file input-v5.cif (mmCIF, C-alpha atoms)
data_run
#
loop_
_atom_site.label_atom_id
_atom_site.label_comp_id
_atom_site.auth_asym_id
_atom_site.auth_seq_id
_atom_site.Cartn_x
_atom_site.Cartn_y
_atom_site.Cartn_z
CA MET A 13 0.00 0.00 0.00
CA THR A 14 1.36 3.42 -0.96
CA ARG A 15 2.07 5.70 1.99
CA THR A 16 0.59 9.16 1.61
CA SER A 17 3.80 10.69 3.01
CA GLU A 18 5.69 9.88 -0.18
CA ARG A 19 6.04 12.83 -2.53
CA VAL A 20 6.47 12.63 -6.30
CA LEU A 21 7.84 15.57 -8.27
CA VAL A 22 6.32 15.62 -11.76
CA THR A 23 7.52 17.78 -14.65
CA GLY A 24 5.37 18.53 -17.68
CA THR A 25 2.18 18.65 -15.66
CA THR A 26 0.45 21.13 -17.97
CA GLY A 27 0.44 18.62 -20.84
CA PHE A 28 -2.30 16.05 -21.31
CA VAL A 29 -0.10 13.20 -20.05
CA GLY A 30 0.99 15.24 -17.05
CA ARG A 31 -2.56 16.11 -16.05
CA MET A 32 -3.62 12.48 -16.22
CA LEU A 33 -0.53 11.31 -14.34
CA CYS A 34 -1.10 13.77 -11.49
CA ALA A 35 -4.63 12.41 -11.09
CA SER A 36 -3.39 8.81 -11.21
CA LEU A 37 -0.69 9.45 -8.62
CA THR A 38 -3.11 11.24 -6.30
CA GLU A 39 -5.55 8.35 -6.61
CA ALA A 40 -2.73 5.94 -5.77
CA GLY A 41 -2.07 7.85 -2.54
CA TYR A 42 1.03 9.85 -3.42
CA ARG A 43 1.54 13.51 -2.65
CA VAL A 44 2.14 15.25 -5.96
CA ARG A 45 4.36 18.27 -6.51
CA ALA A 46 4.24 19.92 -9.94
CA ALA A 47 7.32 21.65 -11.37
CA LEU A 48 5.98 24.57 -13.42
CA ARG A 49 7.73 26.76 -15.97
CA THR A 50 5.31 29.63 -15.36
CA ALA A 51 2.62 30.30 -12.77
CA GLY A 52 -0.58 28.46 -13.53
CA LYS A 53 -3.50 26.63 -12.04
CA ALA A 54 -2.81 23.08 -10.94
CA ALA A 55 -5.18 20.24 -10.23
CA ALA A 56 -6.77 20.05 -6.80
CA GLY A 57 -4.42 18.66 -4.19
CA VAL A 58 -1.27 19.24 -6.28
CA GLU A 59 1.50 21.40 -4.82
CA CYS A 60 3.17 23.75 -7.31
CA VAL A 61 6.78 24.92 -7.48
CA LEU A 62 8.07 27.35 -10.11
CA VAL A 63 11.32 26.22 -11.73
CA GLY A 64 11.33 28.29 -14.94
CA ASP A 65 12.63 26.93 -18.22
CA ILE A 66 14.11 23.44 -18.08
CA GLY A 67 17.70 23.41 -19.25
CA PRO A 68 21.31 22.97 -18.17
CA HIS A 69 21.09 25.63 -15.42
CA THR A 70 17.62 25.09 -13.91
CA ASP A 71 17.49 25.50 -10.13
CA TRP A 72 15.79 22.33 -8.82
CA GLU A 73 16.59 22.77 -5.11
CA SER A 74 13.14 23.76 -3.82
CA ALA A 75 11.31 21.35 -6.11
CA LEU A 76 13.38 18.32 -5.17
CA ARG A 77 13.67 18.88 -1.41
CA GLY A 78 11.48 16.30 0.31
CA SER A 79 10.68 14.40 -2.90
CA GLU A 80 11.19 10.65 -2.86
CA PHE A 81 10.46 10.18 -6.56
CA VAL A 82 10.64 12.14 -9.81
CA VAL A 83 8.69 11.51 -13.00
CA HIS A 84 10.20 13.59 -15.79
CA LEU A 85 7.70 14.16 -18.61
CA ALA A 86 8.62 17.66 -19.76
CA ALA A 87 10.27 17.78 -23.17
CA ARG A 88 10.59 19.95 -26.23
CA ALA A 89 8.85 18.02 -28.98
CA HIS A 90 7.95 20.45 -31.76
CA VAL A 91 10.46 23.02 -32.97
CA LEU A 92 9.08 24.52 -36.15
CA GLY A 93 12.30 25.77 -37.70
CA GLY A 94 15.32 23.83 -38.83
CA SER A 95 18.11 26.24 -37.95
CA ARG A 96 21.03 25.29 -35.73
CA GLN A 97 19.47 27.34 -32.93
CA ASP A 98 16.15 25.50 -33.28
CA VAL A 99 17.87 22.12 -33.14
CA GLN A 100 19.90 23.21 -30.11
CA CYS A 101 16.62 23.78 -28.25
CA TYR A 102 16.03 20.02 -28.28
CA PHE A 103 19.37 19.29 -26.67
CA ASP A 104 19.17 22.13 -24.14
CA THR A 105 15.83 20.85 -22.83
CA ASN A 106 15.67 17.13 -23.53
CA ALA A 107 19.30 16.23 -22.95
CA GLU A 108 21.04 18.82 -20.78
CA GLY A 109 17.84 19.66 -18.90
CA THR A 110 17.33 16.00 -18.06
CA GLY A 111 20.95 15.61 -17.03
CA ARG A 112 20.76 18.62 -14.73
CA LEU A 113 17.60 17.31 -13.07
CA ALA A 114 19.10 13.84 -12.64
CA ARG A 115 22.32 15.11 -11.08
CA GLU A 116 20.41 17.29 -8.65
CA ALA A 117 18.05 14.42 -7.81
CA ALA A 118 21.05 12.21 -7.04
CA ARG A 119 22.67 14.92 -4.92
CA LEU A 120 19.53 15.57 -2.90
CA GLY A 121 18.78 11.92 -2.16
CA VAL A 122 15.81 11.23 -4.45
CA ARG A 123 15.09 7.50 -4.42
CA ARG A 124 14.04 6.93 -8.04
CA MET A 125 13.69 9.00 -11.22
CA VAL A 126 11.42 7.82 -14.04
CA TYR A 127 12.15 9.37 -17.44
CA LEU A 128 9.61 9.36 -20.26
CA SER A 129 11.64 8.91 -23.41
CA SER A 130 10.57 8.08 -26.97
CA ILE A 131 10.61 5.12 -29.35
CA LYS A 132 12.33 7.53 -31.74
CA VAL A 133 15.49 6.74 -29.79
CA ASN A 134 15.39 3.36 -31.55
CA GLY A 135 14.67 4.79 -34.99
CA GLU A 136 11.82 5.33 -37.42
CA GLY A 137 10.68 1.73 -37.66
CA ARG A 138 11.55 -1.66 -39.08
CA ALA A 139 9.35 -3.99 -41.10
CA ASP A 140 10.35 -7.34 -39.58
CA ARG A 141 9.56 -6.83 -35.87
CA GLY A 142 8.94 -4.38 -33.07
CA TYR A 143 11.70 -2.56 -31.27
CA THR A 144 12.92 -3.90 -27.93
CA SER A 145 15.06 -2.21 -25.30
CA SER A 146 18.01 -4.39 -26.33
CA ASP A 147 18.04 -2.97 -29.88
CA ALA A 148 20.85 -0.51 -30.52
CA PRO A 149 19.64 3.10 -30.48
CA ASP A 150 19.46 4.63 -33.95
CA PRO A 151 17.74 8.02 -33.71
CA GLN A 152 17.09 9.67 -37.06
CA ASP A 153 16.40 13.27 -36.02
CA ALA A 154 17.35 15.87 -33.44
CA TYR A 155 14.40 15.00 -31.20
CA GLY A 156 15.29 11.30 -31.02
CA SER A 157 18.97 12.08 -30.52
CA SER A 158 18.22 14.51 -27.69
CA LYS A 159 16.01 11.98 -25.91
CA TRP A 160 18.76 9.36 -26.22
CA GLN A 161 21.27 11.78 -24.73
CA GLY A 162 18.80 12.43 -21.91
CA GLU A 163 18.66 8.68 -21.19
CA CYS A 164 22.46 8.49 -21.10
CA LEU A 165 22.82 11.48 -18.80
CA LEU A 166 20.25 10.04 -16.39
CA ALA A 167 22.09 6.71 -16.25
CA GLU A 168 25.38 8.57 -15.75
CA ALA A 169 23.97 10.59 -12.85
CA ALA A 170 22.55 7.48 -11.19
CA ALA A 171 25.80 5.51 -11.45
CA GLY A 172 27.63 5.57 -8.14
CA SER A 173 24.72 7.19 -6.31
CA THR A 174 21.63 5.96 -4.48
CA LEU A 175 19.35 7.27 -7.26
CA GLU A 176 17.56 4.54 -9.20
CA ASN A 177 16.99 5.36 -12.86
CA VAL A 178 14.08 4.10 -14.97
CA THR A 179 13.48 4.89 -18.65
CA VAL A 180 10.21 4.35 -20.51
CA ARG A 181 10.18 4.56 -24.32
CA ALA A 182 6.76 5.38 -25.73
CA PRO A 183 5.34 5.57 -29.25
CA LEU A 184 2.69 8.14 -30.17
CA VAL A 185 0.57 8.96 -27.11
CA TYR A 186 -3.11 9.86 -27.51
CA GLY A 187 -6.09 10.59 -25.30
CA PRO A 188 -8.13 13.57 -24.06
CA GLY A 189 -6.20 16.77 -24.69
CA VAL A 190 -4.01 15.32 -27.44
CA ARG A 191 -2.65 17.81 -29.94
CA ALA A 192 -0.45 17.79 -33.06
CA ASN A 193 -0.74 14.92 -35.54
CA PHE A 194 -3.40 12.85 -33.78
CA LEU A 195 -5.73 15.80 -33.35
CA ARG A 196 -5.24 16.75 -37.00
CA LEU A 197 -6.11 13.16 -37.93
CA LEU A 198 -9.32 13.37 -35.89
CA HIS A 199 -10.29 16.63 -37.60
CA ARG A 200 -9.68 15.20 -41.04
CA VAL A 201 -11.65 12.01 -40.36
CA ASP A 202 -14.46 14.07 -38.84
CA HIS A 203 -14.66 16.16 -42.02
CA GLU A 204 -14.52 13.02 -44.18
CA GLY A 205 -11.24 13.92 -45.77
CA LEU A 206 -9.70 11.63 -48.37
CA PHE A 207 -7.00 9.16 -47.25
CA PRO A 208 -5.10 7.53 -50.14
CA LEU A 209 -3.92 4.73 -47.87
CA GLY A 210 -5.90 1.70 -49.04
CA SER A 211 -2.74 0.03 -50.37
CA VAL A 212 -0.80 0.63 -47.16
CA HIS A 213 -0.52 -2.43 -44.92
CA ASN A 214 1.77 -1.12 -42.23
CA GLU A 215 1.73 -1.72 -38.47
CA ARG A 216 2.14 1.03 -35.91
CA SER A 217 2.12 0.95 -32.13
CA LEU A 218 0.23 3.55 -30.12
CA VAL A 219 -0.21 4.07 -26.40
CA SER A 220 -3.17 5.70 -24.73
CA VAL A 221 -2.64 8.12 -21.89
CA TRP A 222 -4.47 5.70 -19.57
CA ASN A 223 -2.09 2.82 -20.27
CA LEU A 224 0.99 5.03 -20.16
CA CYS A 225 0.08 6.57 -16.80
CA ASP A 226 -0.79 3.17 -15.35
CA LEU A 227 2.70 1.94 -16.20
CA LEU A 228 4.43 5.12 -14.99
CA VAL A 229 2.79 4.79 -11.58
CA ARG A 230 3.88 1.15 -11.46
CA MET A 231 7.45 2.16 -12.31
CA LEU A 232 7.82 4.13 -9.07
CA ARG A 233 7.89 1.08 -6.83
CA HIS A 234 8.44 -2.09 -8.84
CA PRO A 235 11.83 -3.51 -7.77
CA ALA A 236 12.58 -4.97 -11.23
CA ALA A 237 12.16 -1.61 -12.95
CA ALA A 238 15.27 0.02 -11.47
CA GLY A 239 18.06 0.58 -13.95
CA GLY A 240 16.00 -0.62 -16.89
CA THR A 241 14.67 0.68 -20.18
CA TRP A 242 11.08 -0.37 -20.76
CA MET A 243 8.81 -0.32 -23.79
CA VAL A 244 5.14 0.63 -23.58
CA SER A 245 2.20 0.44 -25.98
CA ASP A 246 -1.45 -0.54 -26.09
CA GLY A 247 -0.31 -4.03 -27.09
CA ASP A 248 -2.36 -4.01 -30.29
CA ASP A 249 -0.64 -2.67 -33.40
CA ILE A 250 -2.75 -1.13 -36.16
CA SER A 251 -2.33 0.06 -39.74
CA THR A 252 -2.85 3.72 -40.56
CA ALA A 253 -5.79 2.83 -42.80
CA GLU A 254 -7.44 0.73 -40.09
CA LEU A 255 -6.97 3.54 -37.59
CA VAL A 256 -8.81 5.89 -39.95
CA ARG A 257 -11.62 3.35 -40.36
CA ARG A 258 -12.03 2.84 -36.62
CA LEU A 259 -12.05 6.57 -35.88
CA ALA A 260 -14.59 7.14 -38.67
CA ALA A 261 -16.87 4.44 -37.26
CA LEU A 262 -16.66 5.96 -33.78
CA LEU A 263 -17.39 9.43 -35.18
CA GLY A 264 -20.24 8.20 -37.37
CA ARG A 265 -18.44 9.38 -40.52
CA ARG A 266 -17.56 7.80 -43.85
CA ALA A 267 -14.05 6.38 -43.95
CA ARG A 268 -12.79 7.74 -47.25
CA VAL A 269 -9.84 5.36 -47.62
CA VAL A 270 -8.91 4.72 -51.25
CA ALA A 271 -6.23 2.47 -52.72
CA THR A 272 -3.32 4.38 -54.24
CA PRO A 273 -0.13 2.70 -55.47
CA LEU A 274 2.70 3.30 -53.00
CA PRO A 275 5.15 4.53 -55.67
CA LEU A 276 2.62 7.18 -56.67
CA LEU A 277 2.15 8.23 -53.04
CA ARG A 278 5.90 8.61 -52.59
CA LEU A 279 6.24 10.52 -55.85
CA VAL A 280 3.49 12.99 -54.97
CA GLY A 281 4.87 13.36 -51.46
CA GLY A 282 8.28 14.21 -52.86
CA LEU A 283 6.89 16.75 -55.30
CA LEU A 284 4.95 18.45 -52.50
CA GLY A 285 7.90 18.42 -50.13
CA ARG A 286 6.12 16.01 -47.78
CA SER A 287 8.24 12.89 -48.16
CA ALA A 288 8.76 12.56 -44.41
CA GLU A 289 5.02 12.69 -43.77
CA VAL A 290 4.39 10.00 -46.40
CA ARG A 291 7.04 7.78 -44.79
CA ARG A 292 5.37 8.16 -41.39
CA LEU A 293 1.93 7.36 -42.79
CA CYS A 294 3.08 4.35 -44.79
CA GLY A 295 5.88 2.91 -42.67
CA SER A 296 5.71 0.52 -39.75
CA LEU A 297 6.85 1.53 -36.26
CA LYS A 298 6.20 -1.23 -33.75
CA VAL A 299 7.07 -1.61 -30.09
CA ASP A 300 7.59 -5.01 -28.46
CA ILE A 301 6.31 -4.92 -24.87
CA ALA A 302 6.90 -8.61 -24.05
CA GLN A 303 9.67 -7.79 -21.57
CA THR A 304 7.51 -5.18 -19.84
CA ARG A 305 4.65 -7.67 -19.55
CA GLN A 306 6.80 -10.49 -18.19
CA GLN A 307 9.26 -8.78 -15.88
CA LEU A 308 6.94 -6.10 -14.50
CA GLN A 309 3.78 -8.24 -14.49
CA TRP A 310 2.01 -5.51 -16.41
CA SER A 311 -0.59 -5.53 -19.16
CA PRO A 312 -2.34 -2.53 -20.72
CA PRO A 313 -5.54 -2.09 -18.66
CA VAL A 314 -7.42 -0.27 -21.45
CA SER A 315 -7.84 -1.84 -24.89
CA LEU A 316 -6.98 0.06 -28.04
CA GLN A 317 -10.63 0.16 -29.10
CA ASP A 318 -11.86 1.44 -25.74
CA ALA A 319 -9.12 4.08 -25.62
CA LEU A 320 -9.98 5.29 -29.12
CA ALA A 321 -13.65 5.49 -28.12
CA ARG A 322 -12.82 7.53 -25.01
CA THR A 323 -10.66 9.87 -27.08
CA VAL A 324 -13.42 10.36 -29.65
CA ASP A 325 -15.88 11.11 -26.83
CA TRP A 326 -13.53 13.84 -25.59
CA TYR A 327 -13.13 15.21 -29.12
CA ARG A 328 -16.90 15.43 -29.57
CA ARG A 329 -17.29 17.34 -26.32
CA GLN A 330 -14.82 19.98 -27.56
CA ASP A 331 -17.10 20.79 -30.51
CA SER A 332 -20.36 20.74 -28.57
#
call {"tool": "encode", "arguments": {"input": "input-v5.cif", "output": "structure tokens"}}
result
Amino acid sequence: MTRTSERVLVTGTTGFVGRMLCASLTEAGYRVRAALRTAGKAAAGVECVLVGDIGPHTDWESALRGSEFVVHLAARAHVLGGSRQDVQCYFDTNAEGTGRLAREAARLGVRRMVYLSSIKVNGEGRADRGYTSSDAPDPQDAYGSSKWQGECLLAEAAAGSTLENVTVRAPLVYGPGVRANFLRLLHRVDHEGLFPLGSVHNERSLVSVWNLCDLLVRMLRHPAAAGGTWMVSDGDDISTAELVRRLAALLGRRARVVATPLPLLRLVGGLLGRSAEVRRLCGSLKVDIAQTRQQLQWSPPVSLQDALARTVDWYRRQDS
């Protein structure tokens, strides 16, 4: 049984994963402290501490004092430009910011730090099987590289200290409050947009915010988790075309999925300067969670279909 005296410092609490995690931790009996970049309203029962921007010089003293655990969610995920300065933002926040937090956590006697990383550390996908934690990292962009550096700096800070490090690599996360690509997909399906993906038979792993938060809470105390890198997903991979069809059915819309030869898709994508987007839509990116299931005795508590239905319910409420 969790003791209510145990405090968890959570970063990234203003995001949709952070909000759900704070609620899950509170329900599990932890005292939650939110590290905020700017002053804002927190969930009921959550203590707030201002830390400013997360980077190589962040002052974590007041946030970490009295905290037994840290869950580090905050990250820079979407830098619009491609300049050297834009790319450096990833490394300042995701790598050096994580390293700074980990070193301070070790110095101040934090028991365990859980770091939410990304499957992009492994790469952009492989056709034969899902990624496991034993696969060699092969990040293909600045975001993936910065998250990999963050993992390394956490492990380095924990070595030779009493801090236990835990890394969780997640694929695309969705649920109430989701933004970016998944929200754009919902909008397009809702407006019965055309998807030329009928000839695409890929497999992609997703993870709902409910399953991710359930595992993150488990990571705080499970003895086998310490020092490990763990994969998470809904445990049910899906093609992009099938995802469109399921969302359309839940929204009560037509699924306008048409078969288009893959070479033609790639050609058009290249001409429009959207080759990377076409690769993401057509390629496979799978996560193998067998080790997480077996060694942590964990299974996703919410099915893919139920999680999609809950997300669609949230989406509908936004337009009502």
call {"tool": "residues_near_point", "arguments": {"input": "input-v5.cif", "point": "(5.8, 1.4, -35.5)", "cutoff": "10 Å", "atoms": "all atoms listed in the file", "output": "MDAnalysis selection string"}}
result
chainID A and resid 131:132 135:139 141:143 183:184 214:218 249:251 292 295:300
call {"tool": "axis_aligned_box", "arguments": {"input": "input-v5.cif", "around": "segment 134-152 of chain A", "padding_each_side": "4 Å", "output": "lines of an AutoDock Vina configuration file"}}
result
center_x = 14.9
center_y = 1.2
center_z = -33.2
size_x = 19.9
size_y = 25.0
size_z = 23.8
call {"tool": "residues_around", "arguments": {"input": "input-v5.cif", "residues": "Arg49 of chain A", "least_positions_apart": "2", "cutoff": "6 Å", "atoms": "all atoms listed in the file", "output": "mmCIF file with C-alpha atoms, keeping the file's coordinate frame"}}
result
data_model
loop_
_atom_site.group_PDB
_atom_site.id
_atom_site.type_symbol
_atom_site.label_atom_id
_atom_site.label_comp_id
_atom_site.auth_asym_id
_atom_site.auth_seq_id
_atom_site.Cartn_x
_atom_site.Cartn_y
_atom_site.Cartn_z
ATOM 1 C CA LEU A 62 8.070 27.350 -10.110
ATOM 2 C CA VAL A 63 11.320 26.220 -11.730
ATOM 3 C CA GLY A 64 11.330 28.290 -14.940
ATOM 4 C CA ASP A 65 12.630 26.930 -18.220
#
call {"tool": "resolve_selection", "arguments": {"input": "input-v5.cif", "expression": "the PyMOL selection byres ((chain A and resi 315-329) around 6)", "output": "short mmCIF file (atom, residue, chain, number, x, y, z; two decimals) with C-alpha atoms, keeping the file's coordinate frame"}}
result
data_model
loop_
_atom_site.label_atom_id
_atom_site.label_comp_id
_atom_site.auth_asym_id
_atom_site.auth_seq_id
_atom_site.Cartn_x
_atom_site.Cartn_y
_atom_site.Cartn_z
CA GLY A 187 -6.09 10.59 -25.30
CA PRO A 188 -8.13 13.57 -24.06
CA ASP A 246 -1.45 -0.54 -26.09
CA VAL A 314 -7.42 -0.27 -21.45
CA GLN A 330 -14.82 19.98 -27.56
CA ASP A 331 -17.10 20.79 -30.51
CA SER A 332 -20.36 20.74 -28.57
#
call {"tool": "residues_around", "arguments": {"input": "input-v5.cif", "residues": "segment 113-118 of chain A", "least_positions_apart": "5", "cutoff": "9 Å", "atoms": "only C-alpha atoms", "output": "list in words"}}
result
Ile66, Gly67, Pro68, Thr70, Asp71, Trp72, Glu73, Leu76, Arg77, Ser79, Phe81, Val82, His84, Glu108, Arg123, Arg124, Met125, Leu165, Leu166, Ala167, Glu168, Ala169, Ala170, Ser173, Thr174, Leu175, Glu176 and Asn177 of chain A
call {"tool": "resolve_selection", "arguments": {"input": "input-v5.cif", "expression": "the PyMOL selection byres ((chain A and resi 27) around 9)", "output": "count of residues only"}}
result
12
call {"tool": "resolve_selection", "arguments": {"input": "input-v5.cif", "expression": "the PyMOL selection byres ((chain A and resi 129) around 8)", "output": "list of chain:residue names"}}
result
A:Tyr127, A:Leu128, A:Ser130, A:Ile131, A:Val133, A:Lys159, A:Trp160, A:Glu163, A:Thr179, A:Val180, A:Arg181, A:Ala182
call {"tool": "write_last_selection", "arguments": {"input": "input-v5.cif", "atoms": "C-alpha atoms", "output": "PDB file, in the frame of the given file"}}
result
ATOM      1  CA  TYR A 127      12.150   9.370 -17.440  1.00  0.00           C
ATOM      2  CA  LEU A 128       9.610   9.360 -20.260  1.00  0.00           C
ATOM      3  CA  SER A 130      10.570   8.080 -26.970  1.00  0.00           C
ATOM      4  CA  ILE A 131      10.610   5.120 -29.350  1.00  0.00           C
ATOM      5  CA  VAL A 133      15.490   6.740 -29.790  1.00  0.00           C
ATOM      6  CA  LYS A 159      16.010  11.980 -25.910  1.00  0.00           C
ATOM      7  CA  TRP A 160      18.760   9.360 -26.220  1.00  0.00           C
ATOM      8  CA  GLU A 163      18.660   8.680 -21.190  1.00  0.00           C
ATOM      9  CA  THR A 179      13.480   4.890 -18.650  1.00  0.00           C
ATOM     10  CA  VAL A 180      10.210   4.350 -20.510  1.00  0.00           C
ATOM     11  CA  ARG A 181      10.180   4.560 -24.320  1.00  0.00           C
ATOM     12  CA  ALA A 182       6.760   5.380 -25.730  1.00  0.00           C
TER      13      ALA A 182
END
call {"tool": "residues_around", "arguments": {"input": "input-v5.cif", "residues": "Leu209 of chain A", "least_positions_apart": "2", "cutoff": "7 Å", "atoms": "only C-alpha atoms", "output": "list of chain:residue names"}}
result
A:Phe207, A:Ser211, A:Val212, A:Ala253, A:Val269, A:Val270, A:Ala271, A:Thr272
call {"tool": "atom_distance", "arguments": {"input": "input-v5.cif", "atom1": "atom CA of Ser158 of chain A", "atom2": "atom CA of Ala75 of chain A"}}
result
23.7 Å
call {"tool": "atom_distance", "arguments": {"input": "input-v5.cif", "atom1": "atom CA of Leu274 of chain A", "atom2": "atom CA of Cys294 of chain A"}}
result
8.3 Å
call {"tool": "closest_residue", "arguments": {"input": "input-v5.cif", "among": "A:Arg43, A:Arg233, A:His69, A:His203", "to": "Ala56 of chain A", "atoms": "all atoms listed in the file"}}
result
A:Arg43
call {"tool": "decode", "arguments": {"input": "input-v5.cif", "residues": "segment 240-264 of chain A", "atoms": "N, CA and C atoms", "output": "short mmCIF file (atom, residue, chain, number, x, y, z; two decimals), in the first residue's frame"}}
result
data_model
loop_
_atom_site.label_atom_id
_atom_site.label_comp_id
_atom_site.auth_asym_id
_atom_site.auth_seq_id
_atom_site.Cartn_x
_atom_site.Cartn_y
_atom_site.Cartn_z
N GLY A 240 16.42 -0.06 -15.61
CA GLY A 240 16.00 -0.62 -16.89
C GLY A 240 15.42 0.38 -17.86
N THR A 241 15.37 -0.05 -19.12
CA THR A 241 14.67 0.68 -20.18
C THR A 241 13.50 -0.18 -20.61
N TRP A 242 12.30 0.41 -20.58
CA TRP A 242 11.08 -0.37 -20.76
C TRP A 242 10.24 0.20 -21.90
N MET A 243 9.67 -0.71 -22.68
CA MET A 243 8.81 -0.32 -23.79
C MET A 243 7.35 -0.34 -23.35
N VAL A 244 6.56 0.58 -23.92
CA VAL A 244 5.14 0.63 -23.58
C VAL A 244 4.33 0.85 -24.84
N SER A 245 3.16 0.22 -24.90
CA SER A 245 2.20 0.44 -25.98
C SER A 245 0.87 -0.10 -25.52
N ASP A 246 -0.14 0.04 -26.38
CA ASP A 246 -1.45 -0.54 -26.09
C ASP A 246 -1.47 -2.05 -26.32
N GLY A 247 -0.39 -2.59 -26.87
CA GLY A 247 -0.31 -4.03 -27.09
C GLY A 247 -1.10 -4.54 -28.27
N ASP A 248 -1.52 -3.64 -29.14
CA ASP A 248 -2.36 -4.01 -30.29
C ASP A 248 -2.01 -3.09 -31.45
N ASP A 249 -1.09 -3.51 -32.30
CA ASP A 249 -0.64 -2.67 -33.40
C ASP A 249 -1.72 -2.55 -34.47
N ILE A 250 -1.67 -1.44 -35.23
CA ILE A 250 -2.75 -1.13 -36.16
C ILE A 250 -2.17 -0.41 -37.38
N SER A 251 -2.76 -0.66 -38.54
CA SER A 251 -2.33 0.06 -39.74
C SER A 251 -2.94 1.46 -39.73
N THR A 252 -2.32 2.36 -40.48
CA THR A 252 -2.85 3.72 -40.56
C THR A 252 -4.25 3.72 -41.15
N ALA A 253 -4.46 2.90 -42.18
CA ALA A 253 -5.79 2.83 -42.80
C ALA A 253 -6.84 2.30 -41.83
N GLU A 254 -6.48 1.29 -41.05
CA GLU A 254 -7.44 0.73 -40.09
C GLU A 254 -7.73 1.73 -38.98
N LEU A 255 -6.74 2.50 -38.59
CA LEU A 255 -6.97 3.54 -37.59
C LEU A 255 -7.99 4.55 -38.10
N VAL A 256 -7.85 4.96 -39.35
CA VAL A 256 -8.81 5.89 -39.95
C VAL A 256 -10.20 5.28 -39.94
N ARG A 257 -10.31 4.01 -40.31
CA ARG A 257 -11.62 3.35 -40.36
C ARG A 257 -12.26 3.27 -38.97
N ARG A 258 -11.46 2.95 -37.97
CA ARG A 258 -12.03 2.84 -36.62
C ARG A 258 -12.47 4.21 -36.10
N LEU A 259 -11.66 5.23 -36.33
CA LEU A 259 -12.05 6.57 -35.88
C LEU A 259 -13.31 7.03 -36.62
N ALA A 260 -13.40 6.75 -37.91
CA ALA A 260 -14.59 7.14 -38.67
C ALA A 260 -15.84 6.45 -38.12
N ALA A 261 -15.73 5.17 -37.80
CA ALA A 261 -16.87 4.44 -37.26
C ALA A 261 -17.30 5.04 -35.92
N LEU A 262 -16.35 5.39 -35.08
CA LEU A 262 -16.66 5.96 -33.78
C LEU A 262 -17.27 7.36 -33.91
N LEU A 263 -16.86 8.09 -34.95
CA LEU A 263 -17.39 9.43 -35.18
C LEU A 263 -18.69 9.43 -35.99
N GLY A 264 -19.05 8.27 -36.52
CA GLY A 264 -20.24 8.20 -37.37
C GLY A 264 -20.02 8.85 -38.72
#
